[in-house]
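Trainee: Please find entry-v7.cif (mmCIF, C-alpha atoms and all ligand atoms) on the next line:
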```cif
data_query
loop_
_atom_site.label_atom_id
_atom_site.label_comp_id
_atom_site.auth_asym_id
_atom_site.auth_seq_id
_atom_site.Cartn_x
_atom_site.Cartn_y
_atom_site.Cartn_z
CA MET Y 1 11.21 -19.16 -34.13
CA ARG Y 2 11.69 -17.06 -30.99
CA ALA Y 3 9.02 -16.71 -28.28
CA ALA Y 4 8.24 -13.22 -26.97
CA VAL Y 5 6.09 -11.57 -24.33
CA LEU Y 6 3.12 -10.08 -26.23
CA GLY Y 7 1.30 -8.58 -23.24
CA LEU Y 8 1.40 -8.06 -19.48
CA GLY Y 9 -1.17 -7.58 -16.73
CA MET Y 10 -1.39 -7.49 -12.95
CA HIS Y 11 -3.94 -7.44 -10.19
CA VAL Y 12 -3.50 -6.85 -6.46
CA PRO Y 13 -6.15 -6.79 -3.74
CA ALA Y 14 -7.36 -3.33 -2.69
CA ARG Y 15 -6.70 -3.87 1.03
CA VAL Y 16 -3.33 -2.52 2.21
CA LEU Y 17 -1.56 -3.94 5.27
CA THR Y 18 1.06 -1.46 6.49
CA ASN Y 19 3.96 -1.92 8.87
CA ALA Y 20 1.97 0.13 11.39
CA ASP Y 21 -0.83 -2.47 11.14
CA LEU Y 22 1.73 -5.25 11.78
CA GLU Y 23 3.06 -3.38 14.83
CA ARG Y 24 -0.38 -3.99 16.37
CA MET Y 25 -0.30 -7.72 15.49
CA VAL Y 26 3.23 -8.93 16.41
CA HIS Y 27 6.23 -7.62 18.32
CA THR Y 28 7.85 -5.61 15.52
CA THR Y 29 8.47 -2.05 14.37
CA ASP Y 30 8.23 -0.14 11.13
CA GLU Y 31 11.94 0.75 11.53
CA TRP Y 32 12.99 -2.92 11.79
CA ILE Y 33 10.91 -4.02 8.79
CA VAL Y 34 12.09 -1.15 6.56
CA ALA Y 35 15.75 -1.49 7.57
CA ARG Y 36 15.91 -5.31 7.29
CA THR Y 37 13.62 -5.86 4.29
CA GLY Y 38 12.75 -2.58 2.51
CA ILE Y 39 9.03 -3.38 2.84
CA ARG Y 40 6.58 -0.63 3.85
CA ALA Y 41 3.25 -2.15 2.81
CA ARG Y 42 1.71 -5.21 1.21
CA ARG Y 43 -1.70 -6.11 -0.20
CA ILE Y 44 -3.93 -8.71 1.42
CA VAL Y 45 -7.06 -10.50 0.18
CA GLU Y 46 -10.51 -10.33 1.73
CA ASP Y 47 -12.00 -13.44 3.39
CA GLY Y 48 -13.06 -15.96 0.77
CA GLN Y 49 -10.77 -14.66 -2.01
CA ALA Y 50 -8.44 -17.21 -3.60
CA SER Y 51 -5.50 -17.16 -6.02
CA SER Y 52 -7.74 -17.61 -9.08
CA ASP Y 53 -9.68 -14.46 -8.08
CA LEU Y 54 -6.45 -12.48 -8.50
CA ALA Y 55 -5.25 -14.51 -11.51
CA VAL Y 56 -8.34 -13.90 -13.66
CA PRO Y 57 -8.22 -10.06 -13.74
CA ALA Y 58 -4.42 -10.14 -14.19
CA ALA Y 59 -4.84 -12.56 -17.11
CA GLN Y 60 -7.63 -10.50 -18.65
CA ALA Y 61 -5.40 -7.41 -18.54
CA ALA Y 62 -2.51 -9.33 -20.16
CA LEU Y 63 -4.77 -10.72 -22.91
CA ALA Y 64 -6.15 -7.23 -23.67
CA ASP Y 65 -2.60 -5.82 -23.70
CA ALA Y 66 -1.48 -8.56 -26.10
CA GLY Y 67 -4.57 -8.22 -28.30
CA VAL Y 68 -5.19 -11.96 -27.89
CA ALA Y 69 -8.65 -13.46 -27.26
CA ALA Y 70 -9.02 -16.06 -24.50
CA GLU Y 71 -10.45 -18.53 -27.06
CA ASP Y 72 -7.17 -18.33 -28.97
CA LEU Y 73 -5.02 -19.51 -26.03
CA ASP Y 74 -3.43 -22.94 -26.55
CA LEU Y 75 -2.00 -23.33 -23.06
CA ILE Y 76 -2.40 -21.83 -19.58
CA ILE Y 77 0.34 -22.22 -17.00
CA CYS Y 78 -0.58 -21.06 -13.52
CA ALA Y 79 2.57 -20.47 -11.47
CA THR Y 80 1.44 -20.79 -7.89
CA THR Y 81 2.41 -22.15 -4.50
CA THR Y 82 -1.03 -21.30 -3.15
CA PRO Y 83 -3.50 -22.97 -5.54
CA ASP Y 84 -7.21 -22.58 -4.74
CA MET Y 85 -7.14 -26.30 -3.91
CA LEU Y 86 -4.83 -29.25 -4.63
CA PHE Y 87 -6.91 -30.27 -7.62
CA PRO Y 88 -8.35 -29.33 -9.99
CA ALA Y 89 -5.41 -27.16 -10.95
CA THR Y 90 -5.97 -23.43 -10.54
CA ALA Y 91 -4.98 -23.08 -14.22
CA CYS Y 92 -8.15 -25.03 -15.14
CA LEU Y 93 -10.31 -22.77 -12.96
CA VAL Y 94 -8.72 -19.68 -14.50
CA GLY Y 95 -9.15 -21.04 -18.05
CA ASP Y 96 -12.82 -21.71 -17.43
CA ARG Y 97 -13.47 -18.20 -16.12
CA LEU Y 98 -11.55 -16.64 -19.02
CA GLY Y 99 -13.46 -18.71 -21.58
CA ALA Y 100 -10.26 -20.31 -22.88
CA ARG Y 101 -12.01 -23.34 -24.30
CA ARG Y 102 -9.17 -24.57 -26.54
CA ALA Y 103 -6.37 -24.30 -23.97
CA GLY Y 104 -4.59 -27.05 -22.08
CA ALA Y 105 -3.91 -26.04 -18.48
CA PHE Y 106 -1.64 -27.00 -15.62
CA ASP Y 107 -0.18 -25.56 -12.43
CA LEU Y 108 3.55 -25.20 -12.02
CA LEU Y 109 5.02 -25.30 -8.54
CA ALA Y 110 8.61 -24.21 -8.07
CA ALA Y 111 7.76 -21.86 -5.16
CA CYS Y 112 8.92 -18.28 -5.83
CA SER Y 113 10.78 -19.42 -8.98
CA SER Y 114 7.53 -20.64 -10.59
CA PHE Y 115 6.77 -17.67 -12.86
CA VAL Y 116 10.17 -17.72 -14.57
CA TYR Y 117 9.99 -21.54 -14.85
CA GLY Y 118 6.58 -20.93 -16.46
CA VAL Y 119 7.86 -18.33 -18.94
CA ILE Y 120 10.67 -20.71 -19.95
CA SER Y 121 8.22 -23.63 -20.35
CA ALA Y 122 5.87 -21.44 -22.40
CA ALA Y 123 8.70 -20.31 -24.66
CA GLN Y 124 9.79 -23.92 -25.20
CA ALA Y 125 6.23 -24.95 -26.12
CA ILE Y 126 6.05 -22.09 -28.64
CA GLU Y 127 9.50 -22.70 -30.10
CA ALA Y 128 8.75 -26.43 -30.45
CA GLY Y 129 5.55 -25.61 -32.35
CA LEU Y 130 3.31 -27.16 -29.67
CA ALA Y 131 1.49 -23.90 -28.91
CA ARG Y 132 1.13 -20.43 -30.44
CA ARG Y 133 -0.46 -18.46 -27.60
CA VAL Y 134 0.41 -19.23 -23.97
CA LEU Y 135 -0.76 -17.50 -20.81
CA VAL Y 136 1.58 -17.63 -17.80
CA VAL Y 137 0.00 -16.26 -14.66
CA GLY Y 138 1.73 -16.04 -11.29
CA ALA Y 139 -0.94 -15.82 -8.58
CA GLU Y 140 -0.47 -16.11 -4.85
CA VAL Y 141 -2.44 -15.73 -1.65
CA LEU Y 142 0.46 -16.41 0.70
CA THR Y 143 -1.28 -14.63 3.55
CA ARG Y 144 -3.40 -17.79 4.01
CA LEU Y 145 -0.34 -19.96 4.70
CA VAL Y 146 1.65 -17.73 6.96
CA ASP Y 147 1.90 -18.04 10.73
CA TRP Y 148 0.58 -14.67 11.88
CA THR Y 149 2.32 -15.11 15.24
CA ASP Y 150 5.78 -15.54 13.62
CA ARG Y 151 7.22 -12.05 13.16
CA THR Y 152 10.14 -13.34 11.07
CA THR Y 153 7.83 -14.45 8.23
CA CYS Y 154 4.50 -12.63 8.48
CA VAL Y 155 6.01 -9.19 7.90
CA LEU Y 156 7.49 -10.31 4.56
CA ILE Y 157 4.60 -11.52 2.47
CA GLY Y 158 1.78 -10.09 0.40
CA ASP Y 159 -0.90 -11.27 -2.06
CA GLY Y 160 -1.08 -10.51 -5.78
CA ALA Y 161 -1.02 -11.75 -9.35
CA GLY Y 162 0.82 -10.90 -12.54
CA ALA Y 163 0.43 -12.39 -16.02
CA ALA Y 164 2.18 -12.55 -19.36
CA VAL Y 165 0.90 -13.73 -22.74
CA LEU Y 166 3.61 -15.27 -24.90
CA GLY Y 167 3.60 -16.01 -28.60
CA PRO Y 168 5.90 -16.09 -31.60
CA SER Y 169 8.06 -12.99 -31.87
CA ARG Y 170 6.73 -10.43 -34.34
CA ARG Y 171 9.75 -8.14 -34.79
CA GLY Y 172 12.68 -10.10 -33.36
CA GLY Y 173 12.23 -9.54 -29.62
CA GLY Y 174 11.89 -12.38 -27.16
CA LEU Y 175 13.67 -15.01 -25.17
CA LEU Y 176 17.41 -15.37 -25.78
CA ALA Y 177 18.44 -17.90 -23.14
CA SER Y 178 17.30 -19.56 -19.94
CA VAL Y 179 18.66 -21.30 -16.85
CA VAL Y 180 16.81 -23.43 -14.30
CA GLY Y 181 18.13 -25.17 -11.22
CA ALA Y 182 17.07 -27.00 -8.08
CA ASP Y 183 18.73 -28.37 -4.95
CA GLY Y 184 16.34 -30.57 -3.00
CA SER Y 185 18.91 -31.09 -0.24
CA ALA Y 186 18.05 -27.55 0.90
CA GLY Y 187 14.30 -28.22 0.80
CA ASP Y 188 13.90 -27.88 4.54
CA ILE Y 189 14.93 -24.21 4.76
CA LEU Y 190 11.60 -23.08 3.29
CA GLN Y 191 8.64 -25.41 3.47
CA LEU Y 192 4.97 -25.98 4.14
CA PRO Y 193 4.96 -29.52 5.58
CA ALA Y 194 1.24 -30.36 5.45
CA PRO Y 195 -1.33 -31.38 4.42
CA GLY Y 196 0.15 -33.71 1.83
CA SER Y 197 0.69 -37.40 1.19
CA ARG Y 198 3.41 -37.46 3.90
CA ILE Y 199 1.30 -35.77 6.58
CA PRO Y 200 -2.42 -35.83 5.75
CA ALA Y 201 -4.87 -33.37 7.29
CA SER Y 202 -5.66 -34.11 10.93
CA PRO Y 203 -6.38 -32.17 14.12
CA GLU Y 204 -2.87 -33.15 15.37
CA MET Y 205 -1.23 -31.76 12.21
CA ILE Y 206 -3.00 -28.44 12.81
CA ALA Y 207 -2.14 -28.46 16.52
CA ARG Y 208 1.54 -28.88 15.54
CA GLY Y 209 1.21 -25.91 13.15
CA GLN Y 210 2.45 -27.97 10.19
CA HIS Y 211 -0.02 -26.22 7.89
CA ARG Y 212 1.92 -22.96 8.25
CA ALA Y 213 4.96 -21.97 6.17
CA ARG Y 214 8.35 -22.28 7.92
CA MET Y 215 11.55 -20.61 6.95
CA ASP Y 216 15.16 -20.41 8.03
CA GLY Y 217 15.46 -16.81 6.87
CA GLN Y 218 19.21 -16.49 7.20
CA ALA Y 219 19.86 -19.74 5.28
CA VAL Y 220 17.53 -18.58 2.45
CA PHE Y 221 19.27 -15.20 2.44
CA ARG Y 222 22.76 -16.73 2.16
CA LEU Y 223 21.77 -19.18 -0.59
CA ALA Y 224 19.97 -16.48 -2.60
CA VAL Y 225 22.94 -14.13 -2.46
CA ARG Y 226 25.20 -16.90 -3.77
CA ILE Y 227 22.93 -18.44 -6.41
CA VAL Y 228 21.23 -15.40 -7.97
CA PRO Y 229 24.45 -13.68 -9.19
CA GLU Y 230 25.59 -17.05 -10.61
CA ALA Y 231 22.28 -17.47 -12.45
CA ILE Y 232 22.52 -13.92 -13.86
CA ALA Y 233 26.08 -14.53 -15.09
CA ARG Y 234 25.16 -17.91 -16.63
CA VAL Y 235 22.06 -16.67 -18.45
CA ALA Y 236 23.86 -13.56 -19.73
CA SER Y 237 26.70 -15.70 -21.08
CA ALA Y 238 24.24 -18.17 -22.69
CA ALA Y 239 22.51 -15.20 -24.36
CA GLY Y 240 25.84 -13.87 -25.66
CA LEU Y 241 25.58 -10.73 -23.51
CA ARG Y 242 28.25 -9.11 -21.40
CA ILE Y 243 26.83 -8.45 -17.95
CA GLU Y 244 27.12 -4.66 -18.44
CA GLU Y 245 24.96 -4.94 -21.58
CA ILE Y 246 21.92 -5.92 -19.46
CA ASP Y 247 19.61 -2.91 -19.15
CA TRP Y 248 17.29 -4.29 -16.48
CA ILE Y 249 17.40 -7.09 -13.98
CA VAL Y 250 13.94 -7.97 -12.68
CA PRO Y 251 14.61 -10.11 -9.60
CA HIS Y 252 12.21 -11.98 -7.35
CA GLN Y 253 11.20 -9.52 -4.65
CA ALA Y 254 12.07 -11.18 -1.35
CA ASN Y 255 14.19 -8.63 0.48
CA GLN Y 256 15.67 -5.31 -0.66
CA ARG Y 257 18.95 -6.30 1.06
CA ILE Y 258 19.12 -9.43 -1.11
CA ILE Y 259 18.64 -7.27 -4.24
CA GLU Y 260 21.40 -4.92 -3.06
CA ALA Y 261 23.78 -7.80 -2.29
CA VAL Y 262 23.11 -9.34 -5.72
CA ALA Y 263 23.81 -6.00 -7.42
CA ARG Y 264 27.15 -5.73 -5.59
CA ALA Y 265 28.10 -9.33 -6.38
CA SER Y 266 27.15 -8.87 -10.05
CA ASN Y 267 29.07 -5.58 -10.36
CA LEU Y 268 25.95 -3.87 -11.64
CA PRO Y 269 24.50 -0.54 -10.47
CA LEU Y 270 21.51 -0.98 -8.18
CA ALA Y 271 19.58 1.41 -10.46
CA ARG Y 272 19.39 -1.37 -13.07
CA PHE Y 273 17.45 -3.60 -10.66
CA ILE Y 274 13.68 -3.18 -10.68
CA SER Y 275 12.38 -3.16 -7.11
CA THR Y 276 8.74 -3.00 -6.06
CA ILE Y 277 9.09 -4.73 -2.71
CA GLU Y 278 8.44 -1.49 -0.81
CA HIS Y 279 4.78 -1.50 -1.91
CA TYR Y 280 3.91 -5.20 -2.27
CA GLY Y 281 6.28 -7.24 -0.05
CA ASN Y 282 7.11 -10.77 -1.22
CA THR Y 283 4.29 -12.00 -3.49
CA SER Y 284 6.20 -15.19 -4.45
CA SER Y 285 5.56 -16.12 -8.08
CA ALA Y 286 3.63 -12.89 -8.71
CA SER Y 287 6.54 -10.62 -7.78
CA ILE Y 288 8.34 -10.63 -11.14
CA PRO Y 289 5.32 -10.02 -13.42
CA ILE Y 290 4.09 -7.30 -11.04
CA SER Y 291 7.54 -5.67 -11.21
CA LEU Y 292 7.54 -5.92 -15.02
CA CYS Y 293 4.14 -4.19 -15.15
CA GLU Y 294 5.30 -1.41 -12.85
CA ALA Y 295 8.57 -0.88 -14.76
CA ARG Y 296 6.73 -0.65 -18.05
CA ARG Y 297 4.09 1.69 -16.60
CA ASP Y 298 6.71 4.13 -15.26
CA GLY Y 299 8.52 4.13 -18.62
CA ARG Y 300 11.71 2.33 -17.60
CA LEU Y 301 11.12 -0.85 -19.59
CA ARG Y 302 11.16 -0.16 -23.34
CA PRO Y 303 11.18 -2.27 -26.49
CA GLY Y 304 14.71 -3.32 -27.39
CA ASP Y 305 15.95 -3.33 -23.78
CA ARG Y 306 17.97 -6.36 -22.68
CA VAL Y 307 16.23 -7.80 -19.64
CA VAL Y 308 17.03 -10.62 -17.23
CA LEU Y 309 14.30 -12.13 -15.05
CA VAL Y 310 15.77 -14.03 -12.12
CA ALA Y 311 14.02 -15.89 -9.32
CA PHE Y 312 14.79 -18.14 -6.36
CA GLY Y 313 12.65 -19.88 -3.79
CA GLY Y 314 11.68 -22.97 -1.87
CA GLY Y 315 12.85 -26.27 -3.20
CA PHE Y 316 15.53 -24.80 -3.24
CA THR Y 317 14.88 -23.63 -6.80
CA TRP Y 318 16.14 -20.91 -9.11
CA SER Y 319 15.38 -19.79 -12.65
CA ALA Y 320 16.51 -17.02 -14.98
CA CYS Y 321 15.84 -15.96 -18.53
CA ALA Y 322 17.33 -13.25 -20.72
CA LEU Y 323 15.19 -11.51 -23.30
CA THR Y 324 15.04 -8.63 -25.67
CA TRP Y 325 12.00 -6.72 -24.46
CA GLY Y 326 9.14 -6.32 -26.95
CA ALA Y 327 7.61 -8.70 -29.42
O1 LIG S 401 10.84 -15.89 -1.41
C1 LIG S 401 11.92 -16.33 -0.65
C2 LIG S 401 11.52 -16.40 0.78
N1 LIG S 401 12.21 -15.75 1.81
C3 LIG S 401 13.31 -14.98 1.79
O2 LIG S 401 13.91 -14.68 0.81
C4 LIG S 401 13.77 -14.51 3.12
C5 LIG S 401 15.27 -14.36 3.20
N2 LIG S 401 15.68 -13.89 4.52
C6 LIG S 401 15.44 -12.63 4.94
O3 LIG S 401 14.88 -11.83 4.22
C7 LIG S 401 15.95 -12.24 6.30
O4 LIG S 401 16.75 -13.28 6.83
C8 LIG S 401 14.81 -11.90 7.31
C9 LIG S 401 14.11 -10.63 6.90
C10 LIG S 401 13.81 -13.05 7.40
C11 LIG S 401 15.38 -11.68 8.71
O5 LIG S 401 16.36 -10.65 8.65
P1 LIG S 401 17.79 -10.82 9.32
O6 LIG S 401 18.52 -9.58 9.14
O7 LIG S 401 18.39 -12.10 8.76
O8 LIG S 401 17.42 -10.99 10.83
P2 LIG S 401 17.77 -12.17 11.82
O9 LIG S 401 17.01 -13.41 11.48
O10 LIG S 401 19.28 -12.27 11.95
O11 LIG S 401 17.22 -11.61 13.18
C12 LIG S 401 17.81 -10.49 13.83
C13 LIG S 401 16.95 -10.14 15.04
C14 LIG S 401 16.58 -11.33 15.90
O12 LIG S 401 16.57 -10.91 17.23
P3 LIG S 401 17.84 -11.24 18.21
O13 LIG S 401 17.95 -12.73 18.22
O14 LIG S 401 19.02 -10.58 17.56
O15 LIG S 401 17.42 -10.64 19.49
C15 LIG S 401 15.17 -11.62 15.47
O16 LIG S 401 14.41 -12.25 16.48
O17 LIG S 401 15.73 -9.55 14.58
C16 LIG S 401 14.65 -10.23 15.23
N3 LIG S 401 13.48 -10.16 14.36
C17 LIG S 401 12.61 -9.15 14.36
N4 LIG S 401 12.55 -8.02 15.10
C18 LIG S 401 11.55 -7.18 14.86
C19 LIG S 401 13.11 -11.06 13.40
N5 LIG S 401 11.98 -10.63 12.81
C20 LIG S 401 11.67 -9.45 13.37
C21 LIG S 401 10.63 -8.53 13.17
N6 LIG S 401 10.61 -7.41 13.93
N7 LIG S 401 9.66 -8.72 12.26
#
```
So that I can check it, write out the structure of this file as structure tokens.
Mentor:
Amino acid sequence: MRAAVLGLGMHVPARVLTNADLERMVHTTDEWIVARTGIRARRIVEDGQASSDLAVPAAQAALADAGVAAEDLDLIICATTTPDMLFPATACLVGDRLGARRAGAFDLLAACSSFVYGVISAAQAIEAGLARRVLVVGAEVLTRLVDWTDRTTCVLIGDGAGAAVLGPSRRGGGLLASVVGADGSAGDILQLPAPGSRIPASPEMIARGQHRARMDGQAVFRLAVRIVPEAIARVASAAGLRIEEIDWIVPHQANQRIIEAVARASNLPLARFISTIEHYGNTSSASIPISLCEARRDGRLRPGDRVVLVAFGGGFTWSACALTWGA
């Protein structure tokens, strides 16, 4: 039995933060941000809003799209690096608000790779007969973790959520192959050191700024440009596809220059890469489901298309899956 995406949904906050707004906050320019990242705007939550507040409407849209009732969900996987709190898991909070009384629930943290890890885990649960209806929701409020005085990171990120409902394939579409990877030796190039069991919450921890995300941008860039084309090639080969047979690559949206470099390294036209970074910035594990929603809405993504989802992020982690679009 093959697992397929039965429905999609997304939700982003209404508030838009433009490059012009950022020019008033840090020493940067619209020209620099557009040229180096491709980002023009991003969405940002209101005070008091958390990841589950974005996850719930995205999940409701995906359930309606799939024609699946919340009570019929067997499992909820919340892909997030910015849970509402450490525990209970945000997936439990989302399940409660959806009314998914029968569903097991857990959070999955593989930084920006989490959503694709979640889709692969959901497909495995379905194919193994452990679950029939699984919700995977990528939800992030990264703007809470960023250092708003660090121009190299704060211009990149945005808030948002995107969701997919998976179930047994109805007409032969669905997941063909998957690849996951991790290299903990590169964990320090993208991290949020505290609070955690290593460095618990304390006034000193806050004074040192350890509760803010840190990134060696150039190291992440170099690793992404090496690993993402490899992951695409491996997942295509595992799916029995020649690389030129892939209709759409939906990559994690971190930097338009990374997407362009991956296209060159993969020998694929840039037009086959779905990019939404211009409008939303880097929304971590929400970026791929948001891009899927946008590509379907504008008519690019159609049933029968061969699609590769590919992500990379802190850890260092990566994940890719190939699917035939449609149920
Ligand atoms: O989800 C995964 C997470 N993150 C990523 O994937 C990020 C991957 N890395 C990147 O996207 C890029 O490395 C950045 C966008 C972070 C930086 O772009 P870059 O082309 O690698 O710039 P750079 O770090 O080489 O910096 C070039 C210059 C520096 O100034 P000097 O030393 O040449 O005078 C920076 O201080 O640009 C400066 N700079 C800025 N200038 C204006 C860095 N950030 C900014 C800024 N505005 N926001």
Trainee: Quick one: of Y:Val165, Y:Ala58, Y:Leu86, Y:Val137, who's nearest to Gly196 (chain Y), counting all atoms listed in the file?
Mentor: Y:Leu86
Trainee: Just to confirm, what's the straight-line distance from CA of Ala164 (chain Y) to atom C4 of ligand LIG 401 (chain S) in Å (one decimal)?
Mentor: 25.4 Å
Trainee: Please list as a list in words every residue within 6 Å of Ala3 (chain Y), counting only C-alpha atoms and excluding residues in the same chain fewer than 6 positions away.
Mentor: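 Answer for this query is Ala123, Gly167, Pro168, Ser169, Gly174 and Leu175 of chain Y.
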Trainee: For ligand LIG 401 (chain S), return the neighbouring residues as a VMD selection string (distance at most 8 Å; all atoms listed in the file).
Mentor: chain Y and resid 26 to 29 32 to 33 36 to 37 111 to 112 150 to 156 190 215 to 222 224 252 to 255 257 to 258 282 to 284 312 to 314
Trainee: Those residues you just picked out, can you put them in a file as a PDB file, keeping the file's coordinate frame with C-alpha atoms?
Mentor:
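Written output follows (again.pdb):
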```
ATOM      1  CA  VAL Y  26       3.230  -8.930  16.410  1.00  0.00           C
ATOM      2  CA  HIS Y  27       6.230  -7.620  18.320  1.00  0.00           C
ATOM      3  CA  THR Y  28       7.850  -5.610  15.520  1.00  0.00           C
ATOM      4  CA  THR Y  29       8.470  -2.050  14.370  1.00  0.00           C
ATOM      5  CA  TRP Y  32      12.990  -2.920  11.790  1.00  0.00           C
ATOM      6  CA  ILE Y  33      10.910  -4.020   8.790  1.00  0.00           C
ATOM      7  CA  ARG Y  36      15.910  -5.310   7.290  1.00  0.00           C
ATOM      8  CA  THR Y  37      13.620  -5.860   4.290  1.00  0.00           C
ATOM      9  CA  ALA Y 111       7.760 -21.860  -5.160  1.00  0.00           C
ATOM     10  CA  CYS Y 112       8.920 -18.280  -5.830  1.00  0.00           C
ATOM     11  CA  ASP Y 150       5.780 -15.540  13.620  1.00  0.00           C
ATOM     12  CA  ARG Y 151       7.220 -12.050  13.160  1.00  0.00           C
ATOM     13  CA  THR Y 152      10.140 -13.340  11.070  1.00  0.00           C
ATOM     14  CA  THR Y 153       7.830 -14.450   8.230  1.00  0.00           C
ATOM     15  CA  CYS Y 154       4.500 -12.630   8.480  1.00  0.00           C
ATOM     16  CA  VAL Y 155       6.010  -9.190   7.900  1.00  0.00           C
ATOM     17  CA  LEU Y 156       7.490 -10.310   4.560  1.00  0.00           C
ATOM     18  CA  LEU Y 190      11.600 -23.080   3.290  1.00  0.00           C
ATOM     19  CA  MET Y 215      11.550 -20.610   6.950  1.00  0.00           C
ATOM     20  CA  ASP Y 216      15.160 -20.410   8.030  1.00  0.00           C
ATOM     21  CA  GLY Y 217      15.460 -16.810   6.870  1.00  0.00           C
ATOM     22  CA  GLN Y 218      19.210 -16.490   7.200  1.00  0.00           C
ATOM     23  CA  ALA Y 219      19.860 -19.740   5.280  1.00  0.00           C
ATOM     24  CA  VAL Y 220      17.530 -18.580   2.450  1.00  0.00           C
ATOM     25  CA  PHE Y 221      19.270 -15.200   2.440  1.00  0.00           C
ATOM     26  CA  ARG Y 222      22.760 -16.730   2.160  1.00  0.00           C
ATOM     27  CA  ALA Y 224      19.970 -16.480  -2.600  1.00  0.00           C
ATOM     28  CA  HIS Y 252      12.210 -11.980  -7.350  1.00  0.00           C
ATOM     29  CA  GLN Y 253      11.200  -9.520  -4.650  1.00  0.00           C
ATOM     30  CA  ALA Y 254      12.070 -11.180  -1.350  1.00  0.00           C
ATOM     31  CA  ASN Y 255      14.190  -8.630   0.480  1.00  0.00           C
ATOM     32  CA  ARG Y 257      18.950  -6.300   1.060  1.00  0.00           C
ATOM     33  CA  ILE Y 258      19.120  -9.430  -1.110  1.00  0.00           C
ATOM     34  CA  ASN Y 282       7.110 -10.770  -1.220  1.00  0.00           C
ATOM     35  CA  THR Y 283       4.290 -12.000  -3.490  1.00  0.00           C
ATOM     36  CA  SER Y 284       6.200 -15.190  -4.450  1.00  0.00           C
ATOM     37  CA  PHE Y 312      14.790 -18.140  -6.360  1.00  0.00           C
ATOM     38  CA  GLY Y 313      12.650 -19.880  -3.790  1.00  0.00           C
ATOM     39  CA  GLY Y 314      11.680 -22.970  -1.870  1.00  0.00           C
TER      40      GLY Y 314
END
```
Trainee: Might you pull out every residue within 12 Å of region 68-74 of chain Y, with only C-alpha atoms counted and same-chain residues fewer than 6 positions away left off, and present them as a PyMOL selection string?
Mentor: chain Y and resi 5-8+56+59-62+94-106+122+125-126+129-136+164-167
Trainee: One number please: CA of Gly138 (chain Y) to CA of Ala261 (chain Y), in Å, one decimal.
Mentor: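 About the pair CA of Gly138 (chain Y) and CA of Ala261 (chain Y): they are 25.2 Å apart.
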